[in-house]
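As stored in work37.cif (mmCIF, C-alpha atoms):
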```
data_start
loop_
_atom_site.label_atom_id
_atom_site.label_comp_id
_atom_site.auth_asym_id
_atom_site.auth_seq_id
_atom_site.Cartn_x
_atom_site.Cartn_y
_atom_site.Cartn_z
CA MET A 1 0.00 0.00 0.00
CA GLU A 2 1.28 3.44 -0.91
CA ASN A 3 0.83 4.98 2.54
CA GLU A 4 2.81 2.19 4.16
CA GLN A 5 5.79 3.15 2.01
CA VAL A 6 5.52 6.65 3.41
CA THR A 7 5.15 5.69 7.04
CA GLU A 8 7.94 3.14 7.22
CA GLU A 9 10.39 5.92 8.03
CA SER A 10 10.59 9.69 8.00
CA THR A 11 10.36 11.40 4.62
CA PRO A 12 12.78 14.35 4.74
CA ARG A 13 11.89 17.63 3.08
CA ILE A 14 14.66 18.28 0.59
CA ASN A 15 15.37 20.43 -2.45
CA GLY A 16 16.86 19.50 -5.81
CA ASN A 17 20.47 19.93 -4.74
CA LEU A 18 20.07 17.43 -1.90
CA MET A 19 18.60 14.68 -4.10
CA PRO A 20 21.95 12.97 -4.85
CA HIS A 21 22.27 12.20 -1.14
CA TYR A 22 18.88 10.49 -0.95
CA ILE A 23 18.99 8.02 -3.83
CA THR A 24 16.65 5.06 -3.04
CA LYS A 25 15.16 7.02 -0.10
CA VAL A 26 11.62 8.36 0.17
CA VAL A 27 11.61 12.17 0.33
CA ARG A 28 9.34 15.21 -0.01
CA VAL A 29 10.05 17.72 -2.72
CA VAL A 30 8.05 20.86 -3.48
CA GLY A 31 8.20 22.32 -6.95
CA GLN A 32 6.51 24.20 -9.71
CA VAL A 33 5.08 22.02 -12.48
CA GLU A 34 6.66 22.86 -15.83
CA LYS A 35 5.54 20.16 -18.24
CA ILE A 36 3.28 17.10 -18.18
CA PHE A 37 3.99 14.37 -20.71
CA ASN A 38 4.01 10.62 -21.37
CA GLN A 39 6.99 8.40 -22.06
CA GLY A 40 5.70 5.07 -23.29
CA ASN A 41 2.88 4.20 -20.93
CA GLU A 42 4.43 6.12 -18.06
CA PRO A 43 2.94 9.50 -17.27
CA ARG A 44 5.60 12.00 -16.18
CA TYR A 45 5.96 15.64 -15.34
CA THR A 46 8.86 17.96 -14.79
CA LEU A 47 9.19 20.17 -11.74
CA THR A 48 11.39 23.11 -10.91
CA THR A 49 12.25 22.54 -7.26
CA SER A 50 12.37 25.25 -4.61
CA ASP A 51 16.09 25.79 -5.35
CA GLY A 52 15.61 25.90 -9.12
CA VAL A 53 16.64 22.36 -10.09
CA SER A 54 14.67 20.67 -12.86
CA VAL A 55 13.42 17.25 -11.73
CA THR A 56 11.43 14.58 -13.58
CA VAL A 57 8.67 12.80 -11.67
CA ILE A 58 7.55 9.37 -12.87
CA GLN A 59 3.99 8.37 -12.08
CA ASP A 60 2.24 5.03 -12.19
CA GLU A 61 -0.06 4.45 -15.10
CA GLY A 62 -3.49 5.91 -14.37
CA SER A 63 -2.25 8.34 -11.72
CA ALA A 64 -3.89 11.72 -11.70
CA THR A 65 -1.82 14.60 -13.01
CA PRO A 66 -0.99 17.74 -11.01
CA GLN A 67 -3.91 20.13 -10.87
CA THR A 68 -2.15 23.25 -9.58
CA PRO A 69 1.13 25.04 -10.45
CA TYR A 70 2.79 24.10 -7.16
CA VAL A 71 2.85 20.53 -5.88
CA GLU A 72 4.51 18.44 -3.23
CA VAL A 73 5.76 15.05 -4.31
CA VAL A 74 6.42 12.28 -1.84
CA GLY A 75 8.46 9.72 -3.70
CA THR A 76 11.55 7.60 -4.06
CA VAL A 77 14.66 9.26 -5.45
CA ILE A 78 15.75 7.25 -8.49
CA ASN A 79 18.74 9.37 -9.49
CA ASN A 80 19.99 12.96 -9.13
CA VAL A 81 17.08 14.37 -11.09
CA THR A 82 14.34 11.71 -11.09
CA ILE A 83 11.70 10.74 -8.54
CA GLN A 84 9.20 7.88 -8.60
CA GLU A 85 6.01 9.37 -7.21
CA ILE A 86 4.23 7.73 -4.27
CA LEU A 87 1.98 10.61 -3.27
CA LEU A 88 1.12 13.90 -4.90
CA VAL A 89 -0.36 16.85 -3.03
CA ASP A 90 -1.48 19.93 -4.91
CA PHE A 91 -0.09 23.03 -3.19
CA GLY A 92 -2.24 25.61 -4.97
CA LYS A 93 -1.21 28.58 -7.09
CA ASP A 94 0.19 30.88 -4.38
CA PHE A 95 3.14 29.25 -2.72
CA ASP A 96 6.27 31.08 -1.59
CA MET A 97 9.04 28.87 -2.96
CA LYS A 98 11.85 31.13 -1.78
CA ALA A 99 10.72 31.03 1.84
CA TYR A 100 10.15 27.29 1.63
CA ASP A 101 13.67 26.75 0.29
CA GLN A 102 15.13 28.73 3.18
CA CYS A 103 13.17 26.43 5.47
CA VAL A 104 14.55 23.35 3.73
CA LYS A 105 18.07 24.70 4.27
CA LEU A 106 17.37 25.27 7.97
CA ILE A 107 15.82 21.81 8.32
CA ASN A 108 18.78 20.12 6.67
CA GLY A 109 21.34 22.44 8.24
CA PRO A 110 21.65 23.72 11.78
CA PHE A 111 18.26 22.43 12.95
CA GLN A 112 18.47 18.95 11.50
CA SER A 113 18.06 17.42 14.95
CA LEU A 114 14.49 18.77 15.16
CA PHE A 115 13.29 17.46 11.83
CA VAL A 116 15.44 14.75 10.28
CA MET B 1 -2.14 8.04 -5.60
CA GLY B 2 -3.72 11.00 -7.27
CA PRO B 3 -3.54 14.63 -6.35
CA MET B 4 -5.15 15.74 -3.14
CA ASN B 5 -6.39 19.20 -3.53
CA PRO B 6 -8.68 20.00 -0.63
CA SER B 7 -12.04 21.24 -1.74
CA ASP B 8 -14.27 20.49 1.21
CA LYS B 9 -14.98 23.81 2.90
CA SER B 10 -16.91 22.38 5.83
CA PHE B 11 -14.09 23.30 8.18
CA SER B 12 -13.63 26.86 9.20
CA SER B 13 -10.20 28.46 9.24
CA SER B 14 -8.20 28.47 12.42
CA PRO B 15 -9.82 29.95 15.48
CA ALA B 16 -8.26 32.72 17.47
CA ARG B 17 -5.14 31.62 19.26
CA ALA B 18 -5.60 32.13 22.92
CA GLY B 19 -2.34 33.29 24.36
CA GLY B 20 0.99 33.06 22.65
CA ALA B 21 3.01 30.04 21.83
CA TYR B 22 4.49 30.67 25.20
CA GLY B 23 1.73 31.22 27.69
CA GLY B 24 1.54 34.42 29.59
CA GLY B 25 3.49 36.59 27.23
CA GLY B 26 3.59 39.68 29.43
CA ASP B 27 6.90 41.42 28.92
CA GLY B 28 8.89 42.57 31.86
CA GLU B 29 8.25 39.61 34.09
CA ASP B 30 10.94 37.35 35.34
CA SER B 31 11.16 35.30 32.20
CA ALA B 32 13.48 32.67 33.59
CA ARG B 33 11.09 31.91 36.41
CA ARG B 34 8.01 32.17 34.22
CA TYR B 35 9.30 29.88 31.52
CA GLY B 36 10.91 27.49 33.90
CA THR B 37 7.83 26.66 35.90
CA THR B 38 4.75 27.50 33.87
CA PRO B 39 3.55 25.09 31.19
CA GLN B 40 3.67 26.74 27.78
CA THR B 41 0.21 27.09 26.30
CA PHE B 42 0.79 26.84 22.58
CA VAL B 43 3.91 25.23 21.23
CA PRO B 44 4.60 24.52 17.55
CA LEU B 45 6.45 21.21 17.18
CA SER B 46 7.41 18.61 14.60
CA VAL B 47 6.21 15.02 15.04
CA LYS B 48 9.81 13.99 15.72
CA MET B 49 9.94 16.50 18.57
CA VAL B 50 6.63 15.25 20.00
CA LEU B 51 7.91 11.69 19.94
CA SER B 52 11.02 12.83 21.81
CA THR B 53 9.11 14.55 24.62
CA THR B 54 9.48 13.00 28.01
CA LYS B 55 8.00 13.19 31.47
CA GLU B 56 9.66 12.34 34.71
CA TYR B 57 6.59 10.99 36.49
CA THR B 58 3.29 9.63 35.19
CA ASN B 59 1.21 12.51 36.51
CA GLN B 60 3.54 15.22 35.21
CA PRO B 61 3.15 16.99 31.87
CA PHE B 62 5.43 16.20 28.95
CA SER B 63 8.43 18.45 28.48
CA ILE B 64 10.85 19.40 25.74
CA ASP B 65 14.11 21.32 26.09
CA LYS B 66 13.36 21.10 29.85
CA PHE B 67 10.12 23.09 29.41
CA GLU B 68 6.76 21.69 30.34
CA LEU B 69 4.27 21.42 27.52
CA SER B 70 0.55 21.95 27.59
CA THR B 71 -0.99 22.49 24.16
CA VAL B 72 0.98 21.70 21.03
CA GLU B 73 0.46 22.46 17.37
CA LEU B 74 1.39 20.18 14.46
CA ILE B 75 0.91 20.43 10.73
CA GLY B 76 1.11 17.36 8.53
CA LEU B 77 -0.45 15.12 5.95
CA LEU B 78 -3.29 12.85 7.03
CA LEU B 79 -2.40 9.34 5.87
CA GLU B 80 -5.32 7.59 7.48
CA THR B 81 -8.71 8.56 8.89
CA ILE B 82 -10.68 6.07 10.94
CA VAL B 83 -14.00 6.81 12.60
CA ASN B 84 -14.57 4.56 15.60
CA GLY B 85 -17.77 5.38 17.47
CA ASN B 86 -17.43 8.92 18.71
CA VAL B 87 -13.69 9.09 18.05
CA ILE B 88 -11.86 10.00 14.86
CA ILE B 89 -8.33 8.61 14.69
CA TYR B 90 -5.99 10.26 12.20
CA LYS B 91 -2.49 9.18 11.25
CA LEU B 92 -0.53 12.40 10.78
CA ASP B 93 2.78 12.48 8.93
CA ASP B 94 4.80 15.70 8.71
CA GLY B 95 7.86 14.14 7.11
CA THR B 96 9.70 13.88 10.43
CA GLY B 97 7.59 10.99 11.67
CA CYS B 98 4.08 9.70 12.09
CA ILE B 99 1.72 10.04 15.04
CA ASP B 100 -1.86 9.08 15.88
CA VAL B 101 -4.24 11.98 16.51
CA ARG B 102 -7.44 11.28 18.40
CA GLN B 103 -10.37 13.68 18.12
CA TYR B 104 -13.68 13.16 19.88
CA ILE B 105 -16.84 13.85 17.92
CA THR B 106 -19.14 16.24 19.69
CA THR B 107 -22.75 16.89 18.82
CA THR B 108 -25.28 19.55 19.67
CA GLY B 109 -28.67 17.91 19.47
CA GLU B 110 -28.91 16.34 16.04
CA GLU B 111 -26.06 18.34 14.55
CA GLN B 112 -22.56 16.88 14.44
CA ILE B 113 -19.97 19.60 15.05
CA VAL B 114 -16.85 17.64 14.10
CA THR B 115 -16.65 15.98 10.69
CA PRO B 116 -13.76 13.71 9.68
CA ILE B 117 -11.21 15.17 7.27
CA ASN B 118 -10.31 13.08 4.24
CA THR B 119 -7.07 11.15 3.97
CA GLY B 120 -4.46 12.86 1.81
CA THR B 121 -5.20 16.31 3.19
CA TYR B 122 -2.77 18.57 5.04
CA ALA B 123 -4.19 19.37 8.47
CA ARG B 124 -3.34 21.58 11.41
CA VAL B 125 -3.74 19.83 14.76
CA VAL B 126 -3.95 21.51 18.14
CA GLY B 127 -4.06 19.35 21.24
CA ASN B 128 -2.32 17.65 24.14
CA ILE B 129 0.31 14.96 24.05
CA ARG B 130 -0.77 11.67 25.59
CA GLN B 131 1.17 8.57 26.39
CA GLN B 132 -0.41 5.49 24.82
CA GLY B 133 1.53 2.45 25.95
CA GLU B 134 5.07 2.88 24.74
CA THR B 135 4.24 5.57 22.23
CA HIS B 136 2.84 9.09 22.08
CA GLU B 137 -0.38 10.32 20.56
CA ILE B 138 -2.23 13.62 20.33
CA ASN B 139 -5.55 14.22 21.99
CA ALA B 140 -6.79 16.93 19.60
CA PHE B 141 -9.00 19.87 20.48
CA GLN B 142 -9.04 20.93 16.89
CA VAL B 143 -8.15 19.40 13.55
CA SER B 144 -8.55 21.78 10.63
CA ARG B 145 -7.77 21.53 6.96
CA VAL B 146 -4.76 23.55 5.77
CA GLU B 147 -6.11 25.80 3.02
CA ASP B 148 -2.97 27.88 2.46
CA PHE B 149 0.11 25.69 2.09
CA ASN B 150 2.40 28.55 3.12
CA GLN B 151 1.23 27.62 6.63
CA ILE B 152 3.56 24.63 6.39
CA THR B 153 6.55 26.92 5.87
CA PHE B 154 5.36 29.23 8.59
CA HIS B 155 4.89 26.36 11.04
CA ILE B 156 8.43 25.12 10.43
CA LEU B 157 9.82 28.62 11.04
CA LEU B 158 7.83 28.98 14.25
CA THR B 159 8.98 25.56 15.41
CA ILE B 160 12.61 26.59 14.91
CA GLN B 161 12.13 29.97 16.51
CA ALA B 162 10.38 28.48 19.54
CA HIS B 163 13.22 25.98 19.95
CA ILE B 164 15.80 28.79 19.78
CA GLN B 165 13.91 30.76 22.38
CA ARG B 166 13.53 27.79 24.73
CA THR B 167 17.21 26.90 24.51
CA SER B 168 18.18 30.58 24.83
CA ILE B 169 16.14 30.96 27.98
CA LEU B 170 17.86 27.93 29.45
CA THR B 171 21.21 29.66 29.09
CA HIS B 172 20.03 33.11 30.23
CA THR B 173 19.99 33.12 33.97
CA ASP B 174 19.42 36.87 34.28
CA ALA B 175 15.79 37.91 34.28
CA SER B 176 16.42 40.70 31.79
CA PHE B 177 16.10 38.37 28.84
CA VAL B 178 12.58 38.60 27.49
CA PRO B 179 11.95 36.65 24.31
CA GLN B 180 9.84 38.06 21.51
CA SER B 181 6.22 37.03 21.57
CA GLN B 182 5.59 34.00 19.40
CA ASN B 183 2.46 35.53 18.00
CA GLN B 184 4.19 38.47 16.42
CA ILE B 185 6.76 38.43 13.70
CA THR B 186 8.22 41.79 12.86
CA SER B 187 8.93 42.82 9.31
CA PRO B 188 12.10 44.71 8.43
CA SER B 189 10.01 47.87 8.27
CA GLY B 190 9.14 47.36 11.91
CA GLN B 191 5.52 46.56 11.21
CA ALA B 192 4.22 43.80 13.44
CA HIS B 193 2.42 40.99 11.69
CA ASN B 194 0.12 38.92 13.78
CA GLN B 195 0.31 35.20 13.32
CA GLN B 196 -3.46 34.97 13.48
CA SER B 197 -3.78 37.02 10.34
CA TYR B 198 -1.54 34.53 8.63
CA HIS B 199 -3.68 31.62 9.72
CA GLY B 200 -6.63 33.58 8.45
CA ASN B 201 -5.03 33.35 5.00
CA GLN B 202 -4.44 37.08 4.76
CA GLN B 203 -0.70 37.04 4.64
CA THR B 204 0.19 34.84 1.71
CA GLY B 205 3.55 35.61 0.18
CA ASN B 206 4.82 37.76 3.04
CA GLN B 207 7.06 35.17 4.56
CA SER B 208 10.41 36.56 3.59
CA PHE B 209 10.53 38.64 6.74
CA ALA B 210 9.37 35.64 8.75
CA VAL B 211 12.37 33.73 7.41
CA GLN B 212 14.62 36.70 8.09
CA ASN B 213 13.21 36.99 11.58
CA THR B 214 14.05 33.35 12.27
CA TYR B 215 17.55 33.84 10.89
CA ASN B 216 17.96 36.94 13.04
CA THR B 217 16.82 35.10 16.13
CA TYR B 218 19.17 32.28 15.20
CA ASN B 219 22.12 34.60 14.71
CA GLN B 220 21.30 36.57 17.84
CA HIS B 221 21.49 33.48 20.03
CA ASN B 222 23.94 31.60 17.91
CA THR B 223 26.61 31.25 20.53
CA SER B 224 24.53 31.10 23.66
CA GLY B 225 21.14 29.76 22.67
CA LEU B 226 21.88 26.60 20.75
CA THR B 227 22.97 23.27 22.03
CA ARG B 228 26.66 22.55 21.55
CA GLU B 229 25.78 20.13 18.77
CA GLU B 230 23.77 22.79 16.92
CA SER B 231 26.47 25.42 17.48
CA LEU B 232 29.06 23.05 16.08
CA GLN B 233 27.01 22.34 12.96
CA SER B 234 26.32 26.02 12.48
CA ALA B 235 30.01 26.87 12.95
CA CYS B 236 31.03 24.23 10.41
CA CYS B 237 28.55 25.67 7.88
CA ASP B 238 29.88 29.19 8.54
CA ALA B 239 33.46 28.02 8.14
CA LEU B 240 32.76 26.22 4.87
CA GLU B 241 30.94 29.26 3.56
CA HIS B 242 33.82 31.54 4.56
CA LEU B 243 36.54 29.22 3.28
CA ASN B 244 34.68 28.57 0.04
CA ASN B 245 37.30 28.19 -2.67
CA GLY B 246 35.45 25.88 -5.03
CA ASP B 247 37.57 22.83 -4.14
CA GLY B 248 36.02 22.32 -0.73
CA SER B 249 37.78 22.43 2.64
CA THR B 250 39.48 19.84 4.82
CA VAL B 251 38.62 19.21 8.47
CA LEU B 252 41.98 20.74 9.41
CA GLU B 253 41.19 23.94 7.52
CA ILE B 254 37.82 24.13 9.25
CA LYS B 255 39.48 23.51 12.63
CA THR B 256 42.03 26.27 11.94
CA TYR B 257 39.24 28.67 11.00
CA LEU B 258 37.21 27.88 14.11
CA GLY B 259 40.13 28.10 16.51
CA ASP B 260 39.67 26.53 19.93
CA ARG B 261 35.88 26.55 20.03
CA PHE B 262 35.67 22.88 19.09
CA SER B 263 38.13 20.00 19.10
CA HIS B 264 39.45 18.42 15.90
CA SER B 265 37.67 15.13 16.63
CA GLU B 266 34.36 16.93 17.31
CA ILE B 267 34.63 18.74 13.98
CA ASP B 268 35.73 15.59 12.17
CA THR B 269 32.75 13.59 13.50
CA LYS B 270 30.27 16.38 12.76
CA ILE B 271 31.55 16.95 9.22
CA LYS B 272 31.29 13.23 8.46
CA ASP B 273 27.77 13.10 9.92
CA MET B 274 26.77 16.11 7.82
CA PHE B 275 28.25 14.50 4.72
CA GLU B 276 26.44 11.21 5.30
CA SER B 277 23.14 12.99 5.87
CA GLY B 278 23.53 15.00 2.68
CA THR B 279 24.05 18.38 4.33
CA LEU B 280 27.54 18.54 2.81
CA MET B 281 28.94 17.39 -0.49
CA SER B 282 32.38 16.08 -1.28
CA GLY B 283 34.96 18.52 -2.63
CA ASN B 284 37.62 17.93 -5.25
CA THR B 285 39.35 15.25 -3.19
CA PHE B 286 37.97 12.67 -0.78
CA ASP B 287 39.04 14.66 2.29
CA ARG B 288 37.45 17.94 1.17
CA TYR B 289 33.88 18.97 1.87
CA ARG B 290 31.68 21.77 0.65
CA LEU B 291 28.16 23.11 1.05
CA PRO B 292 25.62 22.09 -1.63
#
```

Could you render the structure as structure tokens?
Amino acid sequence: MENEQVTEESTPRINGNLMPHYITKVVRVVGQVEKIFNQGNEPRYTLTTSDGVSVTVIQDEGSATPQTPYVEVVGTVINNVTIQEILLVDFGKDFDMKAYDQCVKLINGPFQSLFV
Amino acid sequence: MGPMNPSDKSFSSSPARAGGAYGGGGDGEDSARRYGTTPQTFVPLSVKMVLSTTKEYTNQPFSIDKFELSTVELIGLLLETIVNGNVIIYKLDDGTGCIDVRQYITTTGEEQIVTPINTGTYARVVGNIRQQGETHEINAFQVSRVEDFNQITFHILLTIQAHIQRTSILTHTDASFVPQSQNQITSPSGQAHNQQSYHGNQQTGNQSFAVQNTYNTYNQHNTSGLTREESLQSACCDALEHLNNGDGSTVLEIKTYLGDRFSHSEIDTKIKDMFESGTLMSGNTFDRYRLP
């Protein structure tokens, strides 16, 4: 079950630059949807993460596509710039990416002990 | 799983926050005494922090950073919603961990006041921490849908700021230290912005000064307010930023920059931990590290 994958362990909030350190791990990434497309039978979309990195998100066949410009993806990091989606949460059309990225840096920096 | 854009408007936005994140809030009192003995009334936390709270005796309240807790606030994604009689049990995940939230359904006559929130929705939870066997859970007074997702950012900032203030108070023995009210974040222009207005969705996009405020608080108490572990990590980040030469820096270079504040082995261990957790990247050679 999808939710069980999420609850097995914590799912750190990261940005695009931190992805190389979380390969095979389940993470949370917030980004702005740039393009929705299909490759074979796999629906995909590209995101620009809070720190400006372009990331491809692979969905399962039949998954619903993002409905708003900003989304949060909970998924497994496949490689430096690819995530396999587990959960998708629409974050609306007014989301402050700059502030969120500062938060991600605090969470993964000096205040890691509170969140990670 | 598909997208989860909340559309059910049956839940009102957040109610007025009684008191500050730190109860009382009257400036000029003996803050050390006040904070040391009075349970805080409204504390923003992460799930990880809730799970780390402890209590010395069964009948005592939970505490964190040596401060007693009363009401806590969490924001996270609801992974599960179960209605069992007059109780709704949510599984809340904020990325730092997962916790059960229990909310009792109340009714007035025929009308049900509390309605379950769908799985896959971000929710704001206000309640008490309860011990359930070996684990913790939240006994919620209120569970409301997050309509503005900037609240997630804001909650994280408040959680950090509250932690800084708690740990700062612990190291300030003189009563002159009075922390800033948790309910007010001041913009660079000096204009006070009430947290309630944010939760009322009237402050979207004005978080840059909230971030700055948290950084300022962090910098202000950098040497005295943080735990040694946090100070060490912060110092390492500062050193790497200052020494930035593109190739990365060695532990020895960081140690030289930091002087006698921390030992070589402390720095070495911390840098390796930070590297393994992804906070740092490798430099040009295996013994060099740099910030992402």

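Using only C-alpha atoms, the shortest contact distance between chain A and any of B:Lys255, B:Lys66, B:Arg261, B:Arg228 is found at B:Arg228.
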
* Just need the residues of chain A within 6 Å of chain B, counting all atoms listed in the file, so spit them out as a VMD selection string. => chain A and resid 10 to 12 21 63 to 64 87 to 91 95 to 96 99 to 100 110 115 to 116

* For the structure provided, state which residues fall under the PyMOL selection byres ((chain A and resi 41) around 12), and present them as a PyMOL selection string. => chain A and resi 37-40+42-44+58-63

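Atom to atom, atom CA of B:Gly283 and atom CA of A:Val81 stand 20.2 Å apart.
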
* Might you spell out which residues the PyMOL selection byres ((chain A and resi 55) around 6) would select in the displayed file, as a VMD selection string? => chain A and resid 46 to 47 54 56 81 to 82

* Would you work out the distance separating atom CA of B:Val146 from atom CA of A:Asp51, expressed in Å to one decimal? => 23.7 Å

Taking all atoms of stretch 77-90 of chain A that the file lists and extending 3 Å past them on each side, where is the centre of the axis-aligned box and how long are its edges? Answer in Å to one decimal, as AutoDock Vina command-line options.
```
--center_x 9.3 --center_y 13.6 --center_z -7.1 --size_x 27.5 --size_y 18.7 --size_z 14.1
```

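From atom CA of B:Arg166 back to atom CA of A:Glu9, the distance works out to 27.7 Å.
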
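Residues matched by the PyMOL selection byres ((chain B and resi 82) around 10) in this structure: B:Glu80, B:Thr81, B:Val83, B:Asn84, B:Gly85, B:Val87, B:Ile88, B:Ile89, B:Tyr90, B:Lys91, B:Arg102, B:Pro116, B:Ile117, B:Asn118, B:Thr119.
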
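With only C-alpha atoms as the basis for measurement, B:Ser282 is the residue among B:Glu241, B:Tyr57, B:Ser144, B:Ser282 that approaches A:Pro20 most closely.
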
Considering all atoms listed in the file, return as a CSV table (one decimal) with C-alpha atoms, in the coordinates of the input whatever protein or nucleic-acid residues lie within 8 Å of stretch 123-134 of chain B, sequence-local ones (same chain, fewer than 3 positions apart) excluded.
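And here's result_13.csv as it stands now:
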```
chain,number,residue,atom,x,y,z
B,50,VAL,CA,6.6,15.2,20.0
B,62,PHE,CA,5.4,16.2,29.0
B,70,SER,CA,0.6,22.0,27.6
B,71,THR,CA,-1.0,22.5,24.2
B,72,VAL,CA,1.0,21.7,21.0
B,73,GLU,CA,0.5,22.5,17.4
B,74,LEU,CA,1.4,20.2,14.5
B,75,ILE,CA,0.9,20.4,10.7
B,76,GLY,CA,1.1,17.4,8.5
B,77,LEU,CA,-0.4,15.1,6.0
B,78,LEU,CA,-3.3,12.8,7.0
B,137,GLU,CA,-0.4,10.3,20.6
B,138,ILE,CA,-2.2,13.6,20.3
B,139,ASN,CA,-5.6,14.2,22.0
B,140,ALA,CA,-6.8,16.9,19.6
B,141,PHE,CA,-9.0,19.9,20.5
B,142,GLN,CA,-9.0,20.9,16.9
B,143,VAL,CA,-8.2,19.4,13.6
B,144,SER,CA,-8.6,21.8,10.6
B,145,ARG,CA,-7.8,21.5,7.0
B,146,VAL,CA,-4.8,23.6,5.8
```

* With distances taken over all atoms listed in the file, which of B:Lys55, B:His264, B:Lys272, B:Arg290 is nearest to B:His242? -> B:Arg290

* Asked: Pick from A:Leu18, A:Val71, A:Val29, A:Val57: nearest to A:Asp94, with only C-alpha atoms counted?
  -> A:Val71

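With only C-alpha atoms as the atoms that count, the minimum distance from A:Phe111 to the choices B:Thr106, B:Ala162, B:Glu111, B:Thr58 is reached by B:Ala162.
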
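Of the listed residues B:Ala239, B:Ser168, B:Asp247, B:Leu158, the one whose atoms come nearest to B:Gly259 is B:Ala239, with distances taken using all atoms listed in the file.
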
* To do: Give me the residues within 8 Å of A:Gly31 as a PyMOL selection string, counting only C-alpha atoms and dropping any in the same chain fewer than 4 places off.
  => chain A and resi 47-50+70-72+97

Dump of C-alpha atoms for the selected residues, as a PDB file, keeping the file's coordinate frame:
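Saved as part-v3.pdb:
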```
ATOM      1  CA  LEU A  47       9.190  20.170 -11.740  1.00  0.00           C
ATOM      2  CA  THR A  48      11.390  23.110 -10.910  1.00  0.00           C
ATOM      3  CA  THR A  49      12.250  22.540  -7.260  1.00  0.00           C
ATOM      4  CA  SER A  50      12.370  25.250  -4.610  1.00  0.00           C
ATOM      5  CA  TYR A  70       2.790  24.100  -7.160  1.00  0.00           C
ATOM      6  CA  VAL A  71       2.850  20.530  -5.880  1.00  0.00           C
ATOM      7  CA  GLU A  72       4.510  18.440  -3.230  1.00  0.00           C
ATOM      8  CA  MET A  97       9.040  28.870  -2.960  1.00  0.00           C
TER       9      MET A  97
END
```

Could I see stretch 101-111 of chain B restored to N, CA, C and O atoms, set down as an mmCIF file, in the frame of the given file?
```cif
data_model
loop_
_atom_site.group_PDB
_atom_site.id
_atom_site.type_symbol
_atom_site.label_atom_id
_atom_site.label_comp_id
_atom_site.auth_asym_id
_atom_site.auth_seq_id
_atom_site.Cartn_x
_atom_site.Cartn_y
_atom_site.Cartn_z
ATOM 1 N N VAL B 101 -3.518 10.821 15.956
ATOM 2 C CA VAL B 101 -4.240 11.980 16.510
ATOM 3 C C VAL B 101 -5.668 11.529 16.770
ATOM 4 O O VAL B 101 -6.332 10.998 15.887
ATOM 5 N N ARG B 102 -6.112 11.745 17.993
ATOM 6 C CA ARG B 102 -7.440 11.280 18.400
ATOM 7 C C ARG B 102 -8.339 12.501 18.620
ATOM 8 O O ARG B 102 -7.990 13.384 19.401
ATOM 9 N N GLN B 103 -9.442 12.558 17.935
ATOM 10 C CA GLN B 103 -10.370 13.680 18.120
ATOM 11 C C GLN B 103 -11.757 13.123 18.428
ATOM 12 O O GLN B 103 -12.263 12.257 17.703
ATOM 13 N N TYR B 104 -12.353 13.641 19.491
ATOM 14 C CA TYR B 104 -13.680 13.160 19.880
ATOM 15 C C TYR B 104 -14.761 13.938 19.143
ATOM 16 O O TYR B 104 -14.688 15.164 19.021
ATOM 17 N N ILE B 105 -15.743 13.220 18.654
ATOM 18 C CA ILE B 105 -16.840 13.850 17.920
ATOM 19 C C ILE B 105 -17.857 14.371 18.932
ATOM 20 O O ILE B 105 -18.318 13.629 19.797
ATOM 21 N N THR B 106 -18.138 15.657 18.805
ATOM 22 C CA THR B 106 -19.140 16.240 19.690
ATOM 23 C C THR B 106 -20.378 16.598 18.874
ATOM 24 O O THR B 106 -20.292 16.889 17.686
ATOM 25 N N THR B 107 -21.506 16.541 19.517
ATOM 26 C CA THR B 107 -22.750 16.890 18.820
ATOM 27 C C THR B 107 -23.559 17.857 19.657
ATOM 28 O O THR B 107 -23.470 17.868 20.881
ATOM 29 N N THR B 108 -24.303 18.698 18.972
ATOM 30 C CA THR B 108 -25.280 19.550 19.670
ATOM 31 C C THR B 108 -26.645 19.149 19.126
ATOM 32 O O THR B 108 -26.999 19.499 18.014
ATOM 33 N N GLY B 109 -27.383 18.419 19.931
ATOM 34 C CA GLY B 109 -28.670 17.910 19.470
ATOM 35 C C GLY B 109 -28.452 16.929 18.334
ATOM 36 O O GLY B 109 -27.744 15.946 18.470
ATOM 37 N N GLU B 110 -29.023 17.220 17.204
ATOM 38 C CA GLU B 110 -28.910 16.340 16.040
ATOM 39 C C GLU B 110 -27.663 16.662 15.225
ATOM 40 O O GLU B 110 -27.200 15.857 14.423
ATOM 41 N N GLU B 111 -27.134 17.856 15.422
ATOM 42 C CA GLU B 111 -26.060 18.340 14.550
ATOM 43 C C GLU B 111 -24.687 17.876 15.034
ATOM 44 O O GLU B 111 -24.342 18.020 16.214
#
```
